[in-house]
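Source file: input33.txt. Holds: compact mmCIF, C-alpha atoms.
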```
# COMPACT_ATOMS: atom_id res chain seq x y z
CA MET A 1 0.00 0.00 0.00
CA GLU A 2 2.83 2.39 0.89
CA ILE A 3 4.62 1.64 -2.40
CA LYS A 4 1.44 2.41 -4.34
CA THR A 5 0.97 5.65 -2.39
CA ASP A 6 4.58 6.69 -3.05
CA THR A 7 4.24 5.92 -6.75
CA ARG A 8 0.99 7.82 -7.03
CA GLU A 9 2.60 10.81 -5.30
CA CYS A 10 5.59 10.62 -7.65
CA ILE A 11 3.26 10.71 -10.66
CA LEU A 12 1.34 13.63 -9.21
CA GLU A 13 4.47 15.64 -8.46
CA ALA A 14 5.88 14.97 -11.93
CA ALA A 15 2.60 16.02 -13.52
CA ILE A 16 2.43 19.21 -11.47
CA LYS A 17 5.93 20.18 -12.61
CA ARG A 18 5.01 19.61 -16.24
CA PHE A 19 1.64 21.35 -15.98
CA LEU A 20 3.29 24.40 -14.45
CA HIS A 21 6.12 24.47 -16.98
CA TYR A 22 4.50 23.41 -20.26
CA GLY A 23 0.79 23.74 -19.51
CA TYR A 24 -1.95 21.13 -19.27
CA ALA A 25 -2.66 20.79 -23.00
CA LYS A 26 0.98 20.30 -23.99
CA THR A 27 1.67 17.66 -21.34
CA THR A 28 1.17 14.00 -22.25
CA MET A 29 0.74 10.93 -20.07
CA SER A 30 3.81 9.42 -21.74
CA GLU A 31 5.96 12.36 -20.67
CA ILE A 32 4.72 12.14 -17.10
CA ALA A 33 5.43 8.41 -17.07
CA ARG A 34 8.93 8.98 -18.44
CA ASP A 35 9.65 11.51 -15.68
CA CYS A 36 8.72 8.78 -13.17
CA SER A 37 10.83 6.15 -14.94
CA MET A 38 7.84 3.98 -15.73
CA SER A 39 6.02 2.82 -18.83
CA ALA A 40 3.12 4.79 -20.25
CA GLY A 41 0.87 1.80 -19.67
CA ASN A 42 1.83 1.51 -16.01
CA ILE A 43 0.77 5.06 -15.18
CA TYR A 44 -2.85 4.15 -15.98
CA ARG A 45 -2.86 1.80 -12.99
CA PHE A 46 -2.82 4.91 -10.80
CA PHE A 47 -4.67 7.54 -12.88
CA ALA A 48 -7.25 6.72 -15.54
CA SER A 49 -6.57 9.94 -17.45
CA LYS A 50 -4.68 13.22 -17.49
CA LEU A 51 -7.87 14.87 -16.29
CA ASP A 52 -7.82 12.67 -13.19
CA ILE A 53 -4.28 13.86 -12.48
CA ALA A 54 -5.38 17.49 -12.87
CA GLU A 55 -8.19 16.91 -10.37
CA ALA A 56 -5.78 15.25 -7.93
CA MET A 57 -3.51 18.30 -8.27
CA ALA A 58 -6.42 20.63 -7.49
CA ARG A 59 -7.41 18.50 -4.51
CA LYS A 60 -3.87 18.67 -3.18
CA PHE A 61 -3.89 22.46 -3.34
CA ASN A 62 -7.41 22.63 -1.91
CA VAL A 63 -6.49 20.82 1.32
CA GLU A 64 -4.30 23.70 2.52
CA PHE A 65 -6.91 26.25 1.45
CA GLN A 66 -9.71 24.55 3.37
CA GLN A 67 -7.50 24.36 6.44
CA SER A 68 -7.04 28.12 6.24
CA LEU A 69 -10.79 28.66 6.06
CA ALA A 70 -11.35 26.39 9.04
CA GLN A 71 -8.84 28.43 11.03
CA ILE A 72 -10.51 31.71 10.03
CA SER A 73 -13.94 30.38 11.04
CA ARG A 74 -12.64 29.67 14.57
CA GLU A 75 -10.85 32.97 15.14
CA PRO A 76 -11.86 34.93 18.28
CA ARG A 77 -13.25 37.89 16.39
CA PRO A 78 -16.76 39.08 15.40
CA ALA A 79 -18.65 36.94 12.90
CA CYS A 80 -18.81 39.86 10.43
CA GLU A 81 -15.04 40.06 10.34
CA ARG A 82 -14.64 36.31 9.96
CA LEU A 83 -17.15 36.15 7.12
CA TYR A 84 -15.32 38.95 5.30
CA ARG A 85 -11.95 37.28 5.90
CA VAL A 86 -13.14 34.00 4.38
CA PHE A 87 -13.76 35.67 1.02
CA ASP A 88 -10.91 38.16 1.24
CA HIS A 89 -8.47 35.32 1.90
CA GLY A 90 -9.93 33.30 -0.96
CA LEU A 91 -9.72 36.19 -3.42
CA ARG A 92 -6.15 37.16 -2.55
CA ALA A 93 -4.79 33.61 -2.37
CA THR A 94 -6.38 32.50 -5.64
CA PHE A 95 -5.58 35.73 -7.50
CA GLN A 96 -1.94 35.54 -6.45
CA LYS A 97 -1.58 31.88 -7.39
CA LEU A 98 -3.15 32.38 -10.83
CA ASP A 99 -1.34 35.67 -11.41
CA GLU A 100 2.05 34.15 -10.62
CA ASP A 101 1.53 31.16 -12.89
CA ALA A 102 -0.88 31.40 -15.80
CA LYS A 103 -0.50 27.65 -16.41
CA ILE A 104 -2.59 26.99 -13.28
CA LEU A 105 -5.40 28.99 -14.85
CA GLU A 106 -5.41 26.53 -17.76
CA VAL A 107 -5.88 23.63 -15.33
CA ALA A 108 -8.64 25.55 -13.52
CA GLU A 109 -10.45 26.19 -16.81
CA VAL A 110 -10.26 22.52 -17.79
CA LEU A 111 -11.61 21.36 -14.43
CA ALA A 112 -14.41 23.95 -14.47
CA ARG A 113 -15.48 22.69 -17.88
CA ASP A 114 -14.93 18.93 -17.56
CA ARG A 115 -15.16 18.23 -13.82
CA PRO A 116 -17.91 20.50 -12.43
CA ALA A 117 -18.55 17.98 -9.63
CA PHE A 118 -15.15 18.85 -8.15
CA ALA A 119 -16.04 22.55 -7.94
CA ASN A 120 -19.37 21.66 -6.32
CA GLU A 121 -17.57 19.54 -3.74
CA GLU A 122 -15.13 22.35 -3.01
CA MET A 123 -18.04 24.78 -2.55
CA ALA A 124 -19.73 22.36 -0.16
CA GLN A 125 -16.57 22.21 1.95
CA GLU A 126 -16.35 26.00 2.04
CA ARG A 127 -20.03 26.21 2.96
CA ILE A 128 -19.39 24.32 6.20
CA HIS A 129 -17.21 27.18 7.46
CA ILE A 130 -19.64 29.86 6.31
CA VAL A 131 -22.53 28.14 8.09
CA LYS A 132 -20.53 28.04 11.32
CA ILE A 133 -19.85 31.77 11.09
CA LEU A 134 -23.50 32.54 10.32
CA LYS A 135 -24.68 30.52 13.31
CA ASP A 136 -22.12 32.23 15.55
CA GLY A 137 -23.33 35.60 14.29
CA VAL A 138 -26.93 34.76 15.12
CA ASP A 139 -25.94 33.50 18.59
CA THR A 140 -24.07 36.72 19.39
CA GLY A 141 -26.80 38.96 17.96
CA GLU A 142 -24.64 40.30 15.13
CA PHE A 143 -26.97 38.74 12.55
CA ALA A 144 -30.75 38.53 12.60
CA PRO A 145 -32.22 35.02 12.98
CA ILE A 146 -31.62 32.89 9.89
CA LYS A 147 -34.24 30.33 8.93
CA ASP A 148 -31.87 28.13 6.91
CA PRO A 149 -28.14 28.83 7.45
CA VAL A 150 -27.09 26.29 4.82
CA GLU A 151 -29.24 27.84 2.11
CA THR A 152 -28.18 31.34 3.17
CA ALA A 153 -24.52 30.27 2.93
CA GLU A 154 -25.23 28.95 -0.56
CA MET A 155 -26.76 32.27 -1.62
CA ILE A 156 -23.75 34.15 -0.22
CA GLN A 157 -21.43 31.90 -2.23
CA SER A 158 -23.44 32.59 -5.36
CA ALA A 159 -23.13 36.33 -4.83
CA MET A 160 -19.37 36.00 -4.26
CA MET A 161 -18.59 33.58 -7.11
CA LYS A 162 -16.80 36.19 -9.20
CA PHE A 163 -14.26 36.65 -6.42
CA LYS A 164 -13.62 32.96 -5.80
CA TYR A 165 -12.07 32.32 -9.21
CA PRO A 166 -11.27 35.92 -10.24
CA GLN A 167 -9.26 35.32 -13.42
CA LEU A 168 -11.87 32.90 -14.73
CA PHE A 169 -14.54 35.59 -14.74
CA SER A 170 -12.74 38.89 -15.33
CA ARG A 171 -9.47 40.59 -16.15
CA LEU A 172 -9.72 43.17 -13.38
CA SER A 173 -6.76 44.03 -11.18
CA LEU A 174 -6.67 42.84 -7.57
CA ASP A 175 -7.42 46.37 -6.32
CA GLN A 176 -10.47 46.60 -8.56
CA LEU A 177 -11.71 43.21 -7.43
CA VAL A 178 -11.24 44.09 -3.76
CA ARG A 179 -13.24 47.29 -4.29
CA GLU A 180 -16.10 45.35 -5.86
CA MET A 181 -15.93 42.62 -3.23
CA ASP A 182 -16.11 45.19 -0.43
CA GLY A 183 -19.26 46.63 -1.99
CA VAL A 184 -20.96 43.25 -2.37
CA MET A 185 -19.97 42.23 1.15
CA ALA A 186 -21.40 45.47 2.54
CA LEU A 187 -24.75 44.66 0.93
CA LEU A 188 -24.69 41.09 2.22
CA MET A 189 -23.78 42.18 5.74
CA ALA A 190 -26.59 44.72 5.77
CA GLY A 191 -29.05 42.02 4.79
CA LEU A 192 -27.76 39.60 7.42
CA LYS A 193 -27.96 42.22 10.16
CA SER A 194 -31.42 43.45 9.24
CA GLY A 195 -32.93 40.08 8.46
CA GLN A 196 -34.17 41.34 5.07
CA TYR A 197 -33.03 38.20 3.29
CA ALA A 198 -34.99 36.01 5.71
CA GLN A 199 -38.09 38.15 5.16
CA LEU A 200 -37.81 37.92 1.38
CA HIS A 201 -37.30 34.17 1.59
CA THR A 202 -40.36 33.75 3.78
CA SER A 203 -42.57 35.79 1.43
CA ALA A 204 -41.30 33.77 -1.52
CA ASP A 205 -42.34 30.56 0.21
```
Starting from the file, lay out its structure as structure tokens.
Amino acid sequence: MEIKTDTRECILEAAIKRFLHYGYAKTTMSEIARDCSMSAGNIYRFFASKLDIAEAMARKFNVEFQQSLAQISREPRPACERLYRVFDHGLRATFQKLDEDAKILEVAEVLARDRPAFANEEMAQERIHIVKILKDGVDTGEFAPIKDPVETAEMIQSAMMKFKYPQLFSRLSLDQLVREMDGVMALLMAGLKSGQYAQLHTSAD
């Protein structure tokens, strides 16, 4: 089992190096296999396709990101600040990573197109931390009562989608994106504090 794990990790690391240097489209499974000193056929015992390797790469990067969000959600600061920091951290971390290496953007575009289930899973993981913050905010009186924290978290994510994968949706600078994000967050916070979203949701029911 350990040998298989080590081999899989070797393949993943070799693929990441090639993706970042040559790009996803110009990298072949044969080249990745050669970098790992194995046959092209043998690599398929560990990954069924190059797309599977790209998803494994994204999952590897996502682990550290989700750990950061979990830490933010537990910080001893007001819920409003924590909720803002979740999206501010996501915007800055993702923008910097994609800005420093455009080849990662190619991988992100491929996954968004061909593996939408992965993005949905990532959003579900992020939603756990948002729900915790929302519930904390209600408990402390910062936010008005929320009928369905999970659904509210989902709506917040929808409103903030542009800032989660910034270079996929726009070509704005980081400063411009932060300005827009601050405006959207101000509107969301106002709704959470006043309970207007809950009232609209109830009337829609």
Of A:Met155, A:Ala48, A:Ala54, A:Ala144, the one nearest to A:Asp114 when counting only C-alpha atoms is A:Ala54
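What separates atom CA of A:Asp175 from atom CA of A:Phe87 is a distance of 14.4 Å.
You will find atom CA of A:Ile128 at 8.1 Å from atom CA of A:Val150.
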Exercise. Between atom CA of A:Arg127 and atom CA of A:Gln167, what is the distance, to one decimal in Å?
Worked result: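 Interatomic distance here is 21.6 Å.
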- Task: Mind checking which residues fall within 12 Å of stretch 9-25 of chain A, counting all atoms listed in the file, ignoring those fewer than 3 positions away in the same chain, and posting them as number ranges by chain?
- Result: A: 2-6, 28-40, 42-47, 49-61, 97-98, 100-111
Residue with the minimum atom-to-atom distance to A:Gln67, picked from A:Arg179, A:Arg85, A:Gln125, A:Ala190 with all atoms listed in the file counted, is A:Gln125
**Item:** Cut-off 12 Å around (-7.7, 31.0, 12.6) with all atoms listed in the file: residues as a ChimeraX atom specification
**Value:** /A:66-77,81-82,85-86,89,129
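Distances here use all atoms listed in the file; by that measure, the residue among A:Glu122, A:Asn62, A:Lys193, A:Ile130 closest to A:Tyr84 is A:Ile130.
Closest approach to A:Gly90 from the set A:Met189, A:Val184, A:Met123, A:Ile146 is made by A:Met123, with distances taken over only C-alpha atoms.
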Save stretch 118-130 of chain A to disk from that block, all heavy atoms included, as a PDB file, in the first residue's frame.
```pdb
ATOM      1  N   PHE A 118     -16.231  18.492  -9.070  1.00  0.00           N
ATOM      2  CA  PHE A 118     -15.155  18.850  -8.146  1.00  0.00           C
ATOM      3  C   PHE A 118     -15.394  20.240  -7.566  1.00  0.00           C
ATOM      4  O   PHE A 118     -15.237  20.459  -6.363  1.00  0.00           O
ATOM      5  CB  PHE A 118     -13.800  18.812  -8.853  1.00  0.00           C
ATOM      6  CG  PHE A 118     -12.690  19.436  -8.038  1.00  0.00           C
ATOM      7  CD1 PHE A 118     -12.204  18.802  -6.908  1.00  0.00           C
ATOM      8  CD2 PHE A 118     -12.166  20.676  -8.383  1.00  0.00           C
ATOM      9  CE1 PHE A 118     -11.206  19.380  -6.141  1.00  0.00           C
ATOM     10  CE2 PHE A 118     -11.174  21.262  -7.620  1.00  0.00           C
ATOM     11  CZ  PHE A 118     -10.684  20.604  -6.498  1.00  0.00           C
ATOM     12  N   ALA A 119     -15.773  21.195  -8.415  1.00  0.00           N
ATOM     13  CA  ALA A 119     -16.045  22.554  -7.936  1.00  0.00           C
ATOM     14  C   ALA A 119     -17.209  22.552  -6.953  1.00  0.00           C
ATOM     15  O   ALA A 119     -17.182  23.262  -5.944  1.00  0.00           O
ATOM     16  CB  ALA A 119     -16.347  23.476  -9.115  1.00  0.00           C
ATOM     17  N   ASN A 120     -18.226  21.742  -7.233  1.00  0.00           N
ATOM     18  CA  ASN A 120     -19.366  21.655  -6.319  1.00  0.00           C
ATOM     19  C   ASN A 120     -18.949  21.103  -4.965  1.00  0.00           C
ATOM     20  O   ASN A 120     -19.418  21.561  -3.918  1.00  0.00           O
ATOM     21  CB  ASN A 120     -20.458  20.770  -6.931  1.00  0.00           C
ATOM     22  CG  ASN A 120     -21.121  21.403  -8.142  1.00  0.00           C
ATOM     23  OD1 ASN A 120     -21.079  22.621  -8.302  1.00  0.00           O
ATOM     24  ND2 ASN A 120     -21.712  20.587  -8.996  1.00  0.00           N
ATOM     25  N   GLU A 121     -18.070  20.121  -4.989  1.00  0.00           N
ATOM     26  CA  GLU A 121     -17.573  19.539  -3.738  1.00  0.00           C
ATOM     27  C   GLU A 121     -16.763  20.568  -2.945  1.00  0.00           C
ATOM     28  O   GLU A 121     -16.891  20.679  -1.723  1.00  0.00           O
ATOM     29  CB  GLU A 121     -16.710  18.322  -4.054  1.00  0.00           C
ATOM     30  CG  GLU A 121     -16.136  17.633  -2.829  1.00  0.00           C
ATOM     31  CD  GLU A 121     -15.240  16.467  -3.189  1.00  0.00           C
ATOM     32  OE1 GLU A 121     -15.492  15.805  -4.222  1.00  0.00           O
ATOM     33  OE2 GLU A 121     -14.275  16.207  -2.437  1.00  0.00           O
ATOM     34  N   GLU A 122     -15.940  21.321  -3.657  1.00  0.00           N
ATOM     35  CA  GLU A 122     -15.135  22.353  -3.007  1.00  0.00           C
ATOM     36  C   GLU A 122     -16.030  23.417  -2.373  1.00  0.00           C
ATOM     37  O   GLU A 122     -15.785  23.876  -1.253  1.00  0.00           O
ATOM     38  CB  GLU A 122     -14.198  22.997  -4.031  1.00  0.00           C
ATOM     39  CG  GLU A 122     -13.243  24.020  -3.434  1.00  0.00           C
ATOM     40  CD  GLU A 122     -12.385  24.677  -4.486  1.00  0.00           C
ATOM     41  OE1 GLU A 122     -12.737  24.606  -5.679  1.00  0.00           O
ATOM     42  OE2 GLU A 122     -11.375  25.281  -4.111  1.00  0.00           O
ATOM     43  N   MET A 123     -17.095  23.798  -3.080  1.00  0.00           N
ATOM     44  CA  MET A 123     -18.035  24.784  -2.554  1.00  0.00           C
ATOM     45  C   MET A 123     -18.741  24.253  -1.305  1.00  0.00           C
ATOM     46  O   MET A 123     -18.987  24.993  -0.346  1.00  0.00           O
ATOM     47  CB  MET A 123     -19.064  25.134  -3.622  1.00  0.00           C
ATOM     48  CG  MET A 123     -18.503  25.844  -4.834  1.00  0.00           C
ATOM     49  SD  MET A 123     -17.983  27.541  -4.483  1.00  0.00           S
ATOM     50  CE  MET A 123     -19.581  28.350  -4.429  1.00  0.00           C
ATOM     51  N   ALA A 124     -19.064  22.969  -1.313  1.00  0.00           N
ATOM     52  CA  ALA A 124     -19.725  22.356  -0.160  1.00  0.00           C
ATOM     53  C   ALA A 124     -18.812  22.377   1.059  1.00  0.00           C
ATOM     54  O   ALA A 124     -19.267  22.613   2.191  1.00  0.00           O
ATOM     55  CB  ALA A 124     -20.135  20.925  -0.490  1.00  0.00           C
ATOM     56  N   GLN A 125     -17.531  22.154   0.845  1.00  0.00           N
ATOM     57  CA  GLN A 125     -16.566  22.212   1.947  1.00  0.00           C
ATOM     58  C   GLN A 125     -16.470  23.628   2.497  1.00  0.00           C
ATOM     59  O   GLN A 125     -16.450  23.835   3.714  1.00  0.00           O
ATOM     60  CB  GLN A 125     -15.186  21.733   1.466  1.00  0.00           C
ATOM     61  CG  GLN A 125     -15.140  20.259   1.112  1.00  0.00           C
ATOM     62  CD  GLN A 125     -13.811  19.863   0.494  1.00  0.00           C
ATOM     63  OE1 GLN A 125     -13.029  20.715   0.041  1.00  0.00           O
ATOM     64  NE2 GLN A 125     -13.537  18.576   0.448  1.00  0.00           N
ATOM     65  N   GLU A 126     -16.410  24.603   1.619  1.00  0.00           N
ATOM     66  CA  GLU A 126     -16.346  25.999   2.039  1.00  0.00           C
ATOM     67  C   GLU A 126     -17.609  26.393   2.793  1.00  0.00           C
ATOM     68  O   GLU A 126     -17.560  27.144   3.778  1.00  0.00           O
ATOM     69  CB  GLU A 126     -16.171  26.891   0.813  1.00  0.00           C
ATOM     70  CG  GLU A 126     -16.121  28.381   1.128  1.00  0.00           C
ATOM     71  CD  GLU A 126     -16.129  29.236  -0.131  1.00  0.00           C
ATOM     72  OE1 GLU A 126     -17.213  29.389  -0.729  1.00  0.00           O
ATOM     73  OE2 GLU A 126     -15.049  29.720  -0.512  1.00  0.00           O
ATOM     74  N   ARG A 127     -18.744  25.860   2.352  1.00  0.00           N
ATOM     75  CA  ARG A 127     -20.029  26.210   2.961  1.00  0.00           C
ATOM     76  C   ARG A 127     -20.095  25.811   4.434  1.00  0.00           C
ATOM     77  O   ARG A 127     -20.767  26.468   5.231  1.00  0.00           O
ATOM     78  CB  ARG A 127     -21.163  25.552   2.164  1.00  0.00           C
ATOM     79  CG  ARG A 127     -22.505  26.147   2.419  1.00  0.00           C
ATOM     80  CD  ARG A 127     -23.391  26.055   1.187  1.00  0.00           C
ATOM     81  NE  ARG A 127     -23.481  24.712   0.629  1.00  0.00           N
ATOM     82  CZ  ARG A 127     -23.079  24.381  -0.610  1.00  0.00           C
ATOM     83  NH1 ARG A 127     -22.572  25.296  -1.402  1.00  0.00           N
ATOM     84  NH2 ARG A 127     -23.207  23.150  -1.048  1.00  0.00           N
ATOM     85  N   ILE A 128     -19.412  24.752   4.802  1.00  0.00           N
ATOM     86  CA  ILE A 128     -19.389  24.321   6.203  1.00  0.00           C
ATOM     87  C   ILE A 128     -18.867  25.447   7.099  1.00  0.00           C
ATOM     88  O   ILE A 128     -19.425  25.724   8.166  1.00  0.00           O
ATOM     89  CB  ILE A 128     -18.506  23.066   6.362  1.00  0.00           C
ATOM     90  CG1 ILE A 128     -19.153  21.871   5.659  1.00  0.00           C
ATOM     91  CG2 ILE A 128     -18.268  22.750   7.844  1.00  0.00           C
ATOM     92  CD1 ILE A 128     -18.264  20.647   5.598  1.00  0.00           C
ATOM     93  N   HIS A 129     -17.816  26.112   6.666  1.00  0.00           N
ATOM     94  CA  HIS A 129     -17.206  27.177   7.462  1.00  0.00           C
ATOM     95  C   HIS A 129     -18.092  28.424   7.486  1.00  0.00           C
ATOM     96  O   HIS A 129     -18.192  29.107   8.512  1.00  0.00           O
ATOM     97  CB  HIS A 129     -15.827  27.516   6.900  1.00  0.00           C
ATOM     98  CG  HIS A 129     -14.948  26.312   6.697  1.00  0.00           C
ATOM     99  ND1 HIS A 129     -14.647  25.443   7.729  1.00  0.00           N
ATOM    100  CD2 HIS A 129     -14.329  25.821   5.592  1.00  0.00           C
ATOM    101  CE1 HIS A 129     -13.871  24.475   7.255  1.00  0.00           C
ATOM    102  NE2 HIS A 129     -13.670  24.686   5.977  1.00  0.00           N
ATOM    103  N   ILE A 130     -18.748  28.703   6.365  1.00  0.00           N
ATOM    104  CA  ILE A 130     -19.640  29.860   6.305  1.00  0.00           C
ATOM    105  C   ILE A 130     -20.830  29.656   7.231  1.00  0.00           C
ATOM    106  O   ILE A 130     -21.241  30.577   7.954  1.00  0.00           O
ATOM    107  CB  ILE A 130     -20.113  30.108   4.855  1.00  0.00           C
ATOM    108  CG1 ILE A 130     -18.915  30.440   3.963  1.00  0.00           C
ATOM    109  CG2 ILE A 130     -21.128  31.251   4.812  1.00  0.00           C
ATOM    110  CD1 ILE A 130     -19.266  30.529   2.487  1.00  0.00           C
TER     111      ILE A 130
END
```
